[in-house]
$ cat input.cif   # mmCIF, C-alpha atoms and all ligand atoms
data_model
#
loop_
_atom_site.label_atom_id
_atom_site.label_comp_id
_atom_site.auth_asym_id
_atom_site.auth_seq_id
_atom_site.Cartn_x
_atom_site.Cartn_y
_atom_site.Cartn_z
CA MET M 1 0.00 0.00 0.00
CA ARG M 2 1.03 3.56 -0.61
CA VAL M 3 2.29 5.50 2.43
CA VAL M 4 2.07 9.29 2.45
CA VAL M 5 3.67 11.46 5.12
CA GLU M 6 2.47 15.05 4.90
CA GLU M 7 4.34 17.86 6.62
CA VAL M 8 4.86 15.79 9.77
CA THR M 9 6.43 17.47 12.77
CA LYS M 10 7.33 15.73 16.03
CA ILE M 11 8.34 17.77 19.04
CA PHE M 12 9.15 15.71 22.14
CA ASP M 13 8.46 16.86 25.69
CA GLY M 14 11.38 19.11 26.52
CA GLY M 15 11.25 20.74 23.09
CA VAL M 16 13.40 18.45 20.91
CA ARG M 17 12.17 18.90 17.33
CA ALA M 18 12.88 15.40 15.98
CA LEU M 19 10.86 15.83 12.75
CA ASP M 20 10.44 19.19 11.09
CA GLY M 21 7.62 19.42 8.53
CA LEU M 22 8.75 16.28 6.77
CA SER M 23 6.95 14.88 3.69
CA LEU M 24 7.28 11.57 1.82
CA ASP M 25 5.27 9.68 -0.76
CA ILE M 26 6.13 5.97 -0.79
CA ALA M 27 4.66 3.87 -3.59
CA ASP M 28 2.80 0.59 -3.17
CA GLY M 29 5.30 -2.27 -3.06
CA GLU M 30 8.32 0.00 -2.74
CA PHE M 31 11.40 -0.87 -0.66
CA PHE M 32 12.18 2.53 0.86
CA ALA M 33 15.16 3.43 3.07
CA LEU M 34 15.39 6.19 5.67
CA LEU M 35 19.09 6.96 5.89
CA GLY M 36 20.95 9.49 7.98
CA PRO M 37 23.34 10.08 10.85
CA SER M 38 22.53 9.27 14.45
CA GLY M 39 19.85 11.55 15.89
CA CYS M 40 18.48 12.78 12.54
CA GLY M 41 14.99 11.44 13.32
CA LYS M 42 14.85 8.14 11.38
CA THR M 43 13.49 6.01 14.21
CA THR M 44 11.08 8.73 15.29
CA LEU M 45 9.66 8.86 11.76
CA LEU M 46 9.26 5.07 11.62
CA ARG M 47 7.62 4.98 15.05
CA THR M 48 5.31 7.83 14.05
CA ILE M 49 4.21 5.91 10.94
CA ALA M 50 3.67 2.84 13.17
CA GLY M 51 1.61 4.88 15.63
CA LEU M 52 4.04 4.31 18.53
CA GLU M 53 4.63 8.08 18.59
CA THR M 54 1.98 10.74 17.97
CA ALA M 55 2.76 13.40 15.38
CA THR M 56 2.72 16.94 16.79
CA GLY M 57 1.56 18.19 13.38
CA GLY M 58 0.88 16.85 9.88
CA ARG M 59 -0.93 13.79 8.51
CA ILE M 60 -0.04 10.17 7.74
CA ARG M 61 -1.97 8.11 5.16
CA ILE M 62 -1.69 4.39 4.47
CA GLY M 63 -3.57 3.39 1.33
CA ASP M 64 -6.85 5.33 1.31
CA ARG M 65 -6.95 5.77 5.07
CA ASP M 66 -5.80 8.72 7.16
CA VAL M 67 -4.19 6.85 10.08
CA THR M 68 -2.84 9.89 11.94
CA GLU M 69 -5.15 9.35 14.92
CA LEU M 70 -5.35 5.54 14.75
CA GLU M 71 -3.75 3.31 17.37
CA PRO M 72 -0.87 1.06 16.14
CA GLY M 73 -2.94 -2.15 16.08
CA ARG M 74 -5.41 -0.65 13.60
CA ARG M 75 -2.88 0.67 11.07
CA ASP M 76 -2.19 -2.67 9.35
CA VAL M 77 1.58 -2.30 9.79
CA ALA M 78 4.16 -4.65 11.33
CA MET M 79 7.43 -3.47 12.79
CA VAL M 80 10.71 -5.35 13.24
CA PHE M 81 12.82 -3.80 15.97
CA GLN M 82 16.60 -3.57 16.04
CA ASP M 83 16.84 -5.99 19.00
CA TYR M 84 14.05 -8.19 17.48
CA ALA M 85 12.10 -7.99 20.78
CA LEU M 86 11.31 -11.74 20.78
CA PHE M 87 9.59 -13.18 23.85
CA PRO M 88 12.36 -15.22 25.56
CA HIS M 89 9.99 -17.63 27.35
CA MET M 90 8.07 -18.54 24.17
CA THR M 91 9.04 -21.06 21.51
CA VAL M 92 9.78 -19.96 17.96
CA VAL M 93 6.36 -21.05 16.75
CA ASP M 94 4.59 -19.20 19.56
CA ASN M 95 6.66 -16.08 18.92
CA ILE M 96 5.75 -16.14 15.24
CA ALA M 97 2.09 -16.87 15.98
CA TYR M 98 1.80 -14.05 18.52
CA PRO M 99 0.25 -11.42 16.19
CA LEU M 100 -2.42 -13.98 15.22
CA ARG M 101 -3.14 -14.60 18.91
CA ILE M 102 -3.68 -10.86 19.37
CA LYS M 103 -6.11 -11.04 16.43
CA LYS M 104 -7.91 -13.89 18.24
CA VAL M 105 -7.20 -16.47 15.53
CA GLY M 106 -7.81 -20.03 16.87
CA ARG M 107 -4.85 -22.07 18.14
CA ALA M 108 -4.77 -24.65 15.33
CA ARG M 109 -4.98 -22.02 12.59
CA ARG M 110 -2.38 -19.79 14.12
CA ARG M 111 0.07 -22.66 14.60
CA ALA M 112 -0.46 -23.70 10.99
CA GLY M 113 0.00 -20.09 9.78
CA ALA M 114 3.16 -19.69 11.88
CA ALA M 115 4.55 -22.99 10.60
CA ASP M 116 3.96 -21.96 6.97
CA THR M 117 5.69 -18.61 7.47
CA ALA M 118 8.53 -20.32 9.33
CA THR M 119 9.02 -22.66 6.38
CA GLU M 120 9.21 -19.68 3.99
CA LEU M 121 12.02 -18.29 6.15
CA SER M 122 13.87 -21.62 6.51
CA LEU M 123 12.99 -21.97 10.19
CA ALA M 124 10.95 -25.16 9.92
CA GLY M 125 13.32 -27.30 11.99
CA LEU M 126 13.50 -24.78 14.83
CA LEU M 127 9.85 -24.33 15.79
CA GLU M 128 10.08 -25.70 19.33
CA ARG M 129 13.30 -23.87 20.30
CA ARG M 130 13.41 -20.73 22.41
CA PRO M 131 15.12 -17.53 21.15
CA ALA M 132 18.21 -18.08 23.35
CA GLN M 133 18.83 -21.36 21.47
CA LEU M 134 19.05 -19.58 18.09
CA SER M 135 21.85 -17.79 16.25
CA GLY M 136 21.56 -14.04 15.61
CA GLY M 137 20.57 -14.64 11.99
CA GLN M 138 17.88 -17.14 13.02
CA GLN M 139 16.50 -14.72 15.63
CA GLN M 140 16.34 -12.05 12.96
CA ARG M 141 14.36 -14.36 10.69
CA VAL M 142 11.96 -15.22 13.54
CA ALA M 143 11.36 -11.48 14.00
CA LEU M 144 10.70 -11.14 10.26
CA ALA M 145 8.39 -14.16 10.30
CA ARG M 146 6.43 -12.65 13.19
CA ALA M 147 6.04 -9.45 11.16
CA MET M 148 4.93 -11.38 8.06
CA VAL M 149 2.48 -13.82 9.60
CA ALA M 150 -0.49 -11.47 9.81
CA GLU M 151 0.13 -10.25 6.23
CA PRO M 152 0.31 -6.53 7.01
CA ALA M 153 0.03 -3.84 4.34
CA VAL M 154 3.34 -2.24 5.36
CA PHE M 155 6.55 -3.51 6.97
CA LEU M 156 8.53 -1.11 9.12
CA LEU M 157 12.09 -2.29 9.81
CA ASP M 158 14.31 -0.45 12.31
CA GLU M 159 17.97 -1.28 11.60
CA PRO M 160 17.02 -4.95 11.12
CA LEU M 161 20.55 -6.09 10.25
CA SER M 162 22.62 -4.14 12.73
CA ASN M 163 22.89 -6.92 15.33
CA LEU M 164 24.48 -9.36 12.89
CA ASP M 165 28.19 -9.78 12.28
CA ALA M 166 29.63 -8.57 8.96
CA ARG M 167 29.31 -11.82 6.98
CA LEU M 168 25.86 -12.76 8.25
CA ARG M 169 24.79 -9.22 7.56
CA LEU M 170 25.59 -9.54 3.88
CA GLU M 171 23.73 -12.87 3.67
CA ALA M 172 20.74 -11.44 5.54
CA ARG M 173 20.76 -8.39 3.26
CA THR M 174 20.45 -10.53 0.13
CA PHE M 175 17.79 -12.65 1.82
CA LEU M 176 15.80 -9.57 2.86
CA LYS M 177 15.93 -8.08 -0.63
CA LYS M 178 14.65 -11.28 -2.22
CA LEU M 179 11.96 -11.70 0.44
CA GLN M 180 10.69 -8.15 -0.03
CA HIS M 181 10.69 -8.57 -3.80
CA ASP M 182 8.77 -11.86 -3.58
CA LEU M 183 6.21 -10.52 -1.09
CA GLY M 184 5.80 -7.16 -2.85
CA VAL M 185 4.78 -5.48 0.43
CA THR M 186 5.61 -1.80 0.92
CA THR M 187 8.64 -1.76 3.23
CA ILE M 188 10.21 1.18 5.01
CA PHE M 189 13.51 0.49 6.70
CA VAL M 190 15.77 2.61 8.81
CA THR M 191 19.52 2.43 8.55
CA HIS M 192 22.54 4.61 9.23
CA ASP M 193 24.59 2.42 6.88
CA GLN M 194 24.68 3.98 3.43
CA ALA M 195 26.02 0.81 1.78
CA GLU M 196 23.00 -1.09 3.12
CA ALA M 197 20.57 1.55 1.85
CA LEU M 198 22.22 1.64 -1.59
CA ALA M 199 22.14 -2.16 -1.84
CA LEU M 200 18.56 -2.72 -0.68
CA ALA M 201 16.34 0.20 -1.47
CA ASP M 202 14.29 1.17 -4.50
CA ARG M 203 14.53 4.74 -3.21
CA ILE M 204 16.30 6.41 -0.32
CA ALA M 205 15.43 9.48 1.75
CA VAL M 206 18.62 10.99 3.15
CA MET M 207 17.75 12.78 6.40
CA ALA M 208 19.45 15.37 8.61
CA ASP M 209 18.06 17.30 11.58
CA GLY M 210 14.50 16.05 11.16
CA THR M 211 14.33 17.07 7.49
CA ILE M 212 14.92 15.37 4.16
CA LYS M 213 18.01 16.42 2.24
CA GLN M 214 17.30 14.32 -0.86
CA ILE M 215 15.01 11.57 -2.07
CA GLY M 216 16.17 9.44 -4.97
CA THR M 217 17.08 6.05 -6.31
CA PRO M 218 20.41 4.66 -5.07
CA ARG M 219 21.92 5.70 -8.39
CA GLU M 220 20.61 9.27 -8.11
CA VAL M 221 21.86 9.87 -4.59
CA PHE M 222 25.21 8.26 -5.43
CA GLN M 223 25.85 9.95 -8.77
CA ARG M 224 24.08 13.28 -8.25
CA PRO M 225 23.91 14.15 -4.57
CA ALA M 226 21.66 17.21 -4.39
CA ASN M 227 23.79 19.02 -1.83
CA VAL M 228 27.12 18.88 -0.04
CA PHE M 229 25.57 17.06 2.95
CA VAL M 230 24.42 14.11 0.82
CA ALA M 231 27.66 14.22 -1.19
CA GLY M 232 29.65 13.81 2.01
CA PHE M 233 27.37 11.15 3.50
CA ILE M 234 26.98 8.73 0.56
CA GLY M 235 29.88 6.66 -0.73
CA SER M 236 32.17 4.15 0.95
CA THR M 237 35.18 6.30 0.05
CA PRO M 238 34.41 9.95 0.75
CA MET M 239 33.81 12.27 -2.17
CA ASN M 240 36.51 14.88 -2.76
CA LEU M 241 34.89 18.25 -1.96
CA LEU M 242 37.33 20.87 -3.20
CA ALA M 243 36.67 24.54 -2.47
CA GLY M 244 37.55 27.08 -5.14
CA ARG M 245 36.49 30.12 -7.14
CA CYS M 246 35.09 30.27 -10.65
CA ASP M 247 37.33 32.16 -13.12
CA GLY M 248 34.94 32.00 -16.07
CA ASP M 249 35.09 28.55 -17.66
CA GLY M 250 37.21 27.01 -14.93
CA ILE M 251 37.49 26.64 -11.17
CA ASP M 252 40.65 27.78 -9.47
CA LEU M 253 41.28 25.39 -6.58
CA GLY M 254 44.36 27.27 -5.39
CA GLY M 255 47.26 25.91 -7.41
CA VAL M 256 45.15 23.57 -9.51
CA ARG M 257 42.52 24.45 -12.10
CA LEU M 258 39.68 22.31 -13.43
CA PRO M 259 37.25 23.20 -16.24
CA VAL M 260 33.60 23.85 -15.31
CA PRO M 261 31.68 20.73 -16.41
CA ALA M 262 28.98 21.04 -19.08
CA ALA M 263 26.07 20.51 -16.60
CA ALA M 264 27.07 23.70 -14.73
CA ALA M 265 28.21 25.80 -17.72
CA GLY M 266 26.27 29.06 -17.97
CA LEU M 267 25.01 28.70 -14.38
CA VAL M 268 28.19 29.92 -12.70
CA ALA M 269 30.08 33.16 -13.22
CA ALA M 270 33.59 34.42 -12.55
CA GLY M 271 34.01 35.14 -8.85
CA ASP M 272 31.46 32.57 -7.62
CA GLU M 273 32.62 30.57 -4.61
CA LEU M 274 32.14 26.91 -5.52
CA ILE M 275 32.89 23.40 -4.33
CA ALA M 276 33.95 20.79 -6.88
CA GLY M 277 32.66 17.33 -5.92
CA ILE M 278 34.50 14.37 -7.45
CA ARG M 279 34.29 10.79 -6.22
CA PRO M 280 37.63 8.96 -6.00
CA GLU M 281 36.16 6.36 -8.39
CA TYR M 282 35.46 9.00 -11.03
CA PHE M 283 39.05 9.99 -11.68
CA VAL M 284 40.84 8.43 -14.61
CA GLU M 285 44.56 8.17 -15.07
CA ASP M 286 45.67 10.84 -17.50
CA GLY M 287 48.90 10.47 -19.42
CA GLY M 288 49.10 14.21 -20.12
CA GLY M 289 46.72 14.37 -23.08
CA ASP M 290 44.56 17.40 -23.79
CA ARG M 291 42.19 16.65 -20.91
CA ALA M 292 42.68 19.05 -18.02
CA GLY M 293 44.11 17.06 -15.16
CA ILE M 294 45.60 17.23 -11.71
CA GLU M 295 49.17 16.24 -11.06
CA GLY M 296 50.54 15.34 -7.67
CA ARG M 297 52.81 13.21 -5.59
CA VAL M 298 51.47 9.96 -4.21
CA SER M 299 51.60 10.15 -0.43
CA ILE M 300 49.53 7.13 0.71
CA VAL M 301 48.26 3.98 -1.02
CA GLU M 302 45.49 2.03 0.78
CA ASN M 303 44.51 -1.42 -0.44
CA LEU M 304 40.73 -1.75 -0.93
CA GLY M 305 40.84 -5.28 -2.33
CA THR M 306 40.14 -4.97 -6.04
CA SER M 307 41.33 -1.36 -6.12
CA SER M 308 43.49 1.03 -4.10
CA LEU M 309 42.74 4.42 -2.61
CA VAL M 310 45.56 6.77 -3.50
CA THR M 311 46.12 10.05 -1.66
CA LEU M 312 47.67 12.62 -3.95
CA ALA M 313 49.38 15.80 -2.71
CA THR M 314 48.95 18.37 -5.47
CA ALA M 315 50.11 21.99 -5.76
CA GLY M 316 46.64 22.80 -4.39
CA PRO M 317 44.35 20.51 -2.38
CA THR M 318 44.97 16.92 -1.36
CA VAL M 319 42.91 14.61 -3.55
CA GLN M 320 41.93 10.96 -3.17
CA VAL M 321 41.55 8.73 -6.24
CA THR M 322 40.92 5.01 -6.65
CA MET M 323 43.15 3.07 -8.97
CA PRO M 324 42.27 -0.38 -10.29
CA GLU M 325 44.16 -3.49 -9.22
CA GLY M 326 47.48 -3.66 -11.05
CA ARG M 327 47.61 0.12 -11.73
CA GLU M 328 48.34 1.30 -8.20
CA PRO M 329 51.38 3.59 -7.96
CA VAL M 330 54.02 3.47 -5.23
CA PRO M 331 54.28 6.20 -2.60
CA GLY M 332 56.50 9.01 -3.84
CA ALA M 333 55.57 8.51 -7.51
CA THR M 334 54.13 11.32 -9.63
CA LEU M 335 50.58 10.69 -10.84
CA ARG M 336 48.40 12.66 -13.21
CA VAL M 337 44.65 12.12 -13.06
CA ALA M 338 41.59 13.83 -14.54
CA PRO M 339 37.96 13.80 -13.37
CA ARG M 340 35.43 12.26 -15.73
CA PRO M 341 33.72 15.47 -16.95
CA ASP M 342 30.25 13.88 -16.81
CA ARG M 343 30.83 12.84 -13.20
CA MET M 344 32.24 16.09 -11.81
CA LEU M 345 29.70 17.99 -9.72
CA ILE M 346 29.62 21.65 -8.77
CA TYR M 347 28.07 22.94 -5.53
CA ARG M 348 27.61 26.51 -4.36
CA ALA M 349 29.77 27.19 -1.33
CA GLY M 350 27.03 29.35 0.26
CA ASP M 351 24.02 27.04 0.47
CA GLY M 352 25.80 23.81 -0.53
CA GLU M 353 23.25 23.09 -3.29
CA LEU M 354 24.13 21.31 -6.53
CA VAL M 355 24.50 23.56 -9.59
CA ASP M 356 22.72 21.47 -12.14
CA GLY M 357 21.68 22.30 -15.68
CA ASP M 358 20.39 18.76 -16.19
CA PRO M 359 16.69 18.75 -15.33
CA GLY M 360 16.60 14.95 -15.13
CA GLY M 361 19.45 14.79 -12.69
CA GLY M 362 17.80 13.68 -9.46
CA LYS M 363 16.10 16.68 -7.96
CA PRO M 364 16.57 17.69 -4.39
CA VAL M 365 13.28 17.82 -2.51
CA GLY M 366 12.36 20.51 -0.07
CA GLY M 367 9.23 19.36 1.67
CA LYS M 368 7.12 18.27 -1.27
CA PRO M 369 6.04 14.68 -1.75
CA VAL M 370 7.61 12.92 -4.69
CA GLY M 371 4.78 11.59 -6.83
CA GLY M 372 4.60 8.57 -9.08
CA LYS M 373 4.98 4.89 -8.62
CA PRO M 374 8.35 3.64 -9.81
CA ALA M 375 8.17 0.48 -11.89
CA ARG M 376 9.30 -2.52 -9.84
CA GLY M 377 12.98 -3.13 -10.18
CA ASP M 378 13.45 0.04 -12.22
CA HIS M 379 16.40 1.87 -10.76
CA THR M 380 17.05 4.06 -13.77
CA GLY M 381 15.29 7.19 -12.55
CA GLY M 382 16.53 10.62 -13.47
CA GLY M 383 17.77 9.76 -16.95
CA LEU M 384 21.17 8.73 -15.66
CA SER M 385 23.51 6.26 -17.23
CA PRO M 386 24.30 3.04 -15.33
CA LEU M 387 26.88 3.09 -12.56
P1 LIG M 401 19.88 6.68 15.76
O1 LIG M 401 20.45 6.28 14.44
O2 LIG M 401 20.94 7.06 16.76
O3 LIG M 401 18.87 5.70 16.29
P2 LIG M 401 17.76 8.39 14.77
O4 LIG M 401 18.05 9.08 13.50
O5 LIG M 401 16.89 7.19 14.71
O6 LIG M 401 19.11 8.07 15.52
P3 LIG M 401 15.82 9.41 16.65
O7 LIG M 401 15.96 8.27 17.61
O8 LIG M 401 14.61 9.47 15.81
O9 LIG M 401 17.11 9.50 15.72
O10 LIG M 401 15.95 10.76 17.49
C1 LIG M 401 15.80 12.05 16.90
C2 LIG M 401 15.98 13.10 17.98
O11 LIG M 401 14.91 13.03 18.92
C3 LIG M 401 17.26 12.95 18.79
O12 LIG M 401 17.75 14.22 19.08
C4 LIG M 401 16.79 12.24 20.03
O13 LIG M 401 17.62 12.54 21.13
C5 LIG M 401 15.40 12.82 20.22
N1 LIG M 401 14.49 11.87 20.89
C6 LIG M 401 14.17 10.62 20.50
N2 LIG M 401 13.26 10.07 21.33
C7 LIG M 401 13.01 10.99 22.29
C8 LIG M 401 12.14 11.04 23.44
N3 LIG M 401 11.36 10.01 23.75
N4 LIG M 401 12.15 12.16 24.20
C9 LIG M 401 12.92 13.22 23.85
N5 LIG M 401 13.75 13.26 22.78
C10 LIG M 401 13.80 12.17 22.00
#
$ encode --input "input.cif" --output "structure tokens" --more "lines below"
Ligand code: ATP
Amino acid sequence: MRVVVEEVTKIFDGGVRALDGLSLDIADGEFFALLGPSGCGKTTLLRTIAGLETATGGRIRIGDRDVTELEPGRRDVAMVFQDYALFPHMTVVDNIAYPLRIKKVGRARRRAGAADTATELSLAGLLERRPAQLSGGQQQRVALARAMVAEPAVFLLDEPLSNLDARLRLEARTFLKKLQHDLGVTTIFVTHDQAEALALADRIAVMADGTIKQIGTPREVFQRPANVFVAGFIGSTPMNLLAGRCDGDGIDLGGVRLPVPAAAAGLVAAGDELIAGIRPEYFVEDGGGDRAGIEGRVSIVENLGTSSLVTLATAGPTVQVTMPEGREPVPGATLRVAPRPDRMLIYRAGDGELVDGDPGGGKPVGGKPVGGKPARGDHTGGGLSPL
């Protein structure tokens, strides 16, 4: 079911403004991530959608219903908590069947329903165990099964993978993505882990200070962050954010000059204070051809597995670039690199907003809902080329 959050504000007793006029429009069947740093309001938003917190202002709609005043049990949502919140004294089957018990489904039917859901989640052999006798991954699946058993219209997942170790987490991530795809149930999940959001979500809302800084597909927020905040937050290796001043058709970065990319041409003028945003992955090695490049001395080389992160001391700023396996330089070497012109972004130093002449380039959103139902599995929003 579609979930619409309209100008929702949440002010806690004591005056903390956890949500500040926040709006979202989540399509039926969408896998939607709320991503942001600690304290930005992710959990508060999820709990407000669930009805565990009351909005101070604004409306929440699920499907055709305005649920703003409804108690949690009548919203047709199921939530999976970070710590799973399983009942320790109950068996797996009784834990899973619990929502059916609340709905007063008879014992035989609820045990059968729980057993079916358990089988779907590969828990069939564990029905009579108690939570303490399960691994972390199994406990997580019991929590998911308990959320699924009553077939809610919306799943709300609060950091569902964060209690798992790194390897299990990757397995559980793949499992969760397949499960959500197979069930086709609208799912909103909270994470502070940008890699998790990029891997799982159809769309992501990047939050800060109770507001949304950008909504987009993983590709949009990765390739065209709408502002410096998102640019700095998304990406496993941080984006280079290089402050400089426009000199007409170039940006003077203090000792190094780069041409203004086509998407920003005509939108910036000499004297403008700008920030050039270039991901380490979007530099290419430049043998000194006609492409404007940056030359520097390699100071650090960090092994990332299939590539290396190279720190380059230039005549101007320090720049980080990734080099593919087999091409990594040695410390002390001279390296010349150039940004891919179609992947170099320009931000205004004042408000930190993207200077973007490409109208299909993943719009920032102020407070307005983003309309439209994305086609399932279609991640090619915004007219962008593949990663
Ligand atoms: P984290 O990733 O650390 O869980 P979050 O993004 O989920 O963070 P919230 O838990 O939603 O953030 O908190 C948002 C803000 O509201 C924080 O400043 C937090 O301290 C405050 N807050 C949360 N719950 C309450 C409460 N019950 N009373 C007062 N302030 C609260």
$ closest_atom_pairs --input "input.cif" --of "chain M" --to "ligand LIG 401 (chain M)" --cutoff "9 Å" --atoms "only C-alpha atoms and all ligand atoms" --output "tab-separated table"
residue	atom	partner	partner_atom	distance
M:Lys10	CA	M:LIG401	O11	8.5
M:Ile11	CA	M:LIG401	N5	8.0
M:Phe12	CA	M:LIG401	C9	4.8
M:Asp13	CA	M:LIG401	C9	6.0
M:Gly14	CA	M:LIG401	C9	6.6
M:Gly15	CA	M:LIG401	C9	7.7
M:Val16	CA	M:LIG401	N5	5.5
M:Arg17	CA	M:LIG401	O11	6.7
M:Ala18	CA	M:LIG401	O11	4.3
M:Leu19	CA	M:LIG401	C1	7.5
M:Leu34	CA	M:LIG401	O4	8.8
M:Leu35	CA	M:LIG401	O4	8.0
M:Gly36	CA	M:LIG401	O4	6.2
M:Pro37	CA	M:LIG401	O1	6.0
M:Ser38	CA	M:LIG401	O2	3.6
M:Gly39	CA	M:LIG401	O9	3.4
M:Cys40	CA	M:LIG401	O4	3.8
M:Gly41	CA	M:LIG401	O8	3.2
M:Lys42	CA	M:LIG401	O4	4.0
M:Thr43	CA	M:LIG401	O5	3.6
M:Thr44	CA	M:LIG401	O8	3.6
M:Leu45	CA	M:LIG401	O8	6.4
M:Leu46	CA	M:LIG401	O8	8.1
M:Arg47	CA	M:LIG401	O8	8.3
M:Glu53	CA	M:LIG401	N3	8.7
M:Asp158	CA	M:LIG401	O5	8.4
M:Glu159	CA	M:LIG401	O1	8.4
M:Val190	CA	M:LIG401	O5	7.6
M:Thr191	CA	M:LIG401	O1	7.1
M:His192	CA	M:LIG401	O1	5.9
M:Met207	CA	M:LIG401	O4	8.0
M:Ala208	CA	M:LIG401	O4	8.1
M:Asp209	CA	M:LIG401	C1	7.8
M:Gly210	CA	M:LIG401	C1	7.1
$ residues_around --input "input.cif" --residues "Leu70 in chain M" --least-positions-apart "5" --cutoff "10 Å" --atoms "only C-alpha atoms" --output "ChimeraX atom specification"
/M:50-51,54,60,65,75
$ write_last_selection --input "input.cif" --atoms "C-alpha atoms" --output "PDB file, keeping the file's coordinate frame"
ATOM      1  CA  ALA M  50       3.670   2.840  13.170  1.00  0.00           C
ATOM      2  CA  GLY M  51       1.610   4.880  15.630  1.00  0.00           C
ATOM      3  CA  THR M  54       1.980  10.740  17.970  1.00  0.00           C
ATOM      4  CA  ILE M  60      -0.040  10.170   7.740  1.00  0.00           C
ATOM      5  CA  ARG M  65      -6.950   5.770   5.070  1.00  0.00           C
ATOM      6  CA  ARG M  75      -2.880   0.670  11.070  1.00  0.00           C
TER       7      ARG M  75
END
$ closest_residue --input "input.cif" --among "M:Glu295, M:Glu273, M:Glu196, M:Glu69" --to "Ala313 in chain M" --atoms "only C-alpha atoms"
M:Glu295
$ residues_near_point --input "input.cif" --point "(37.8, 22.9, -11.3)" --cutoff "9 Å" --atoms "all atoms listed in the file" --output "list in words"
Leu242, Gly244, Arg245, Cys246, Asp249, Gly250, Ile251, Asp252, Leu253, Val256, Arg257, Leu258, Pro259, Val260, Pro261, Ile275, Ala276, Met344 and Ile346 of chain M
$ residues_around --input "input.cif" --residues "Gly305 in chain M" --least-positions-apart "3" --cutoff "12 Å" --atoms "only C-alpha atoms" --output "PyMOL selection string"
chain M and resi 301-302+308-309+322-326+328
$ axis_aligned_box --input "input.cif" --around "range 188-203 of chain M" --padding-each-side "6 Å" --output "JSON"
{"center_x": 18.1, "center_y": 1.0, "center_z": 2.4, "size_x": 27.8, "size_y": 19.5, "size_z": 25.7}
$ atom_distance --input "input.cif" --atom1 "CA of Pro160 in chain M" --atom2 "CA of Gln82 in chain M"
5.1 Å
$ residues_around --input "input.cif" --residues "Val185 in chain M" --least-positions-apart "4" --cutoff "10 Å" --atoms "only C-alpha atoms" --output "PyMOL selection string"
chain M and resi 1-2+28-31+148+151-155+179-181
$ atom_distance --input "input.cif" --atom1 "CA of Ile300 in chain M" --atom2 "CA of Pro331 in chain M"
5.9 Å
$ residues_around --input "input.cif" --residues "Arg146 in chain M" --least-positions-apart "3" --cutoff "9 Å" --atoms "all atoms listed in the file" --output "list of chain:residue names"
M:Ala78, M:Val80, M:Asn95, M:Ile96, M:Ala97, M:Tyr98, M:Pro99, M:Ala114, M:Thr117, M:Ala118, M:Arg141, M:Val142, M:Ala143, M:Val149, M:Ala150
$ decode --input "input.cif" --residues "range 237-245 of chain M" --atoms "N, CA, C and O atoms" --output "PDB file, in the first residue's frame"
ATOM      1  N   THR M 237      34.008   5.426  -0.047  1.00  0.00           N
ATOM      2  CA  THR M 237      35.184   6.298   0.053  1.00  0.00           C
ATOM      3  C   THR M 237      34.651   7.719  -0.109  1.00  0.00           C
ATOM      4  O   THR M 237      33.861   7.984  -1.015  1.00  0.00           O
ATOM      5  N   PRO M 238      35.033   8.628   0.777  1.00  0.00           N
ATOM      6  CA  PRO M 238      34.407   9.951   0.754  1.00  0.00           C
ATOM      7  C   PRO M 238      34.670  10.703  -0.546  1.00  0.00           C
ATOM      8  O   PRO M 238      35.750  10.599  -1.123  1.00  0.00           O
ATOM      9  N   MET M 239      33.652  11.443  -0.981  1.00  0.00           N
ATOM     10  CA  MET M 239      33.811  12.273  -2.173  1.00  0.00           C
ATOM     11  C   MET M 239      34.818  13.388  -1.885  1.00  0.00           C
ATOM     12  O   MET M 239      34.828  13.952  -0.787  1.00  0.00           O
ATOM     13  N   ASN M 240      35.646  13.700  -2.868  1.00  0.00           N
ATOM     14  CA  ASN M 240      36.506  14.879  -2.760  1.00  0.00           C
ATOM     15  C   ASN M 240      35.620  16.110  -2.894  1.00  0.00           C
ATOM     16  O   ASN M 240      34.884  16.240  -3.881  1.00  0.00           O
ATOM     17  N   LEU M 241      35.657  16.992  -1.896  1.00  0.00           N
ATOM     18  CA  LEU M 241      34.893  18.245  -1.958  1.00  0.00           C
ATOM     19  C   LEU M 241      35.921  19.368  -1.894  1.00  0.00           C
ATOM     20  O   LEU M 241      36.487  19.655  -0.831  1.00  0.00           O
ATOM     21  N   LEU M 242      36.197  19.973  -3.056  1.00  0.00           N
ATOM     22  CA  LEU M 242      37.333  20.875  -3.197  1.00  0.00           C
ATOM     23  C   LEU M 242      36.841  22.302  -3.384  1.00  0.00           C
ATOM     24  O   LEU M 242      36.181  22.618  -4.380  1.00  0.00           O
ATOM     25  N   ALA M 243      37.159  23.156  -2.426  1.00  0.00           N
ATOM     26  CA  ALA M 243      36.665  24.541  -2.468  1.00  0.00           C
ATOM     27  C   ALA M 243      37.502  25.371  -3.429  1.00  0.00           C
ATOM     28  O   ALA M 243      38.731  25.237  -3.490  1.00  0.00           O
ATOM     29  N   GLY M 244      36.838  26.227  -4.204  1.00  0.00           N
ATOM     30  CA  GLY M 244      37.554  27.083  -5.142  1.00  0.00           C
ATOM     31  C   GLY M 244      36.695  28.234  -5.622  1.00  0.00           C
ATOM     32  O   GLY M 244      35.588  28.457  -5.114  1.00  0.00           O
ATOM     33  N   ARG M 245      37.220  28.963  -6.604  1.00  0.00           N
ATOM     34  CA  ARG M 245      36.485  30.125  -7.137  1.00  0.00           C
ATOM     35  C   ARG M 245      36.433  30.026  -8.662  1.00  0.00           C
ATOM     36  O   ARG M 245      37.430  29.693  -9.293  1.00  0.00           O
TER      37      ARG M 245
END
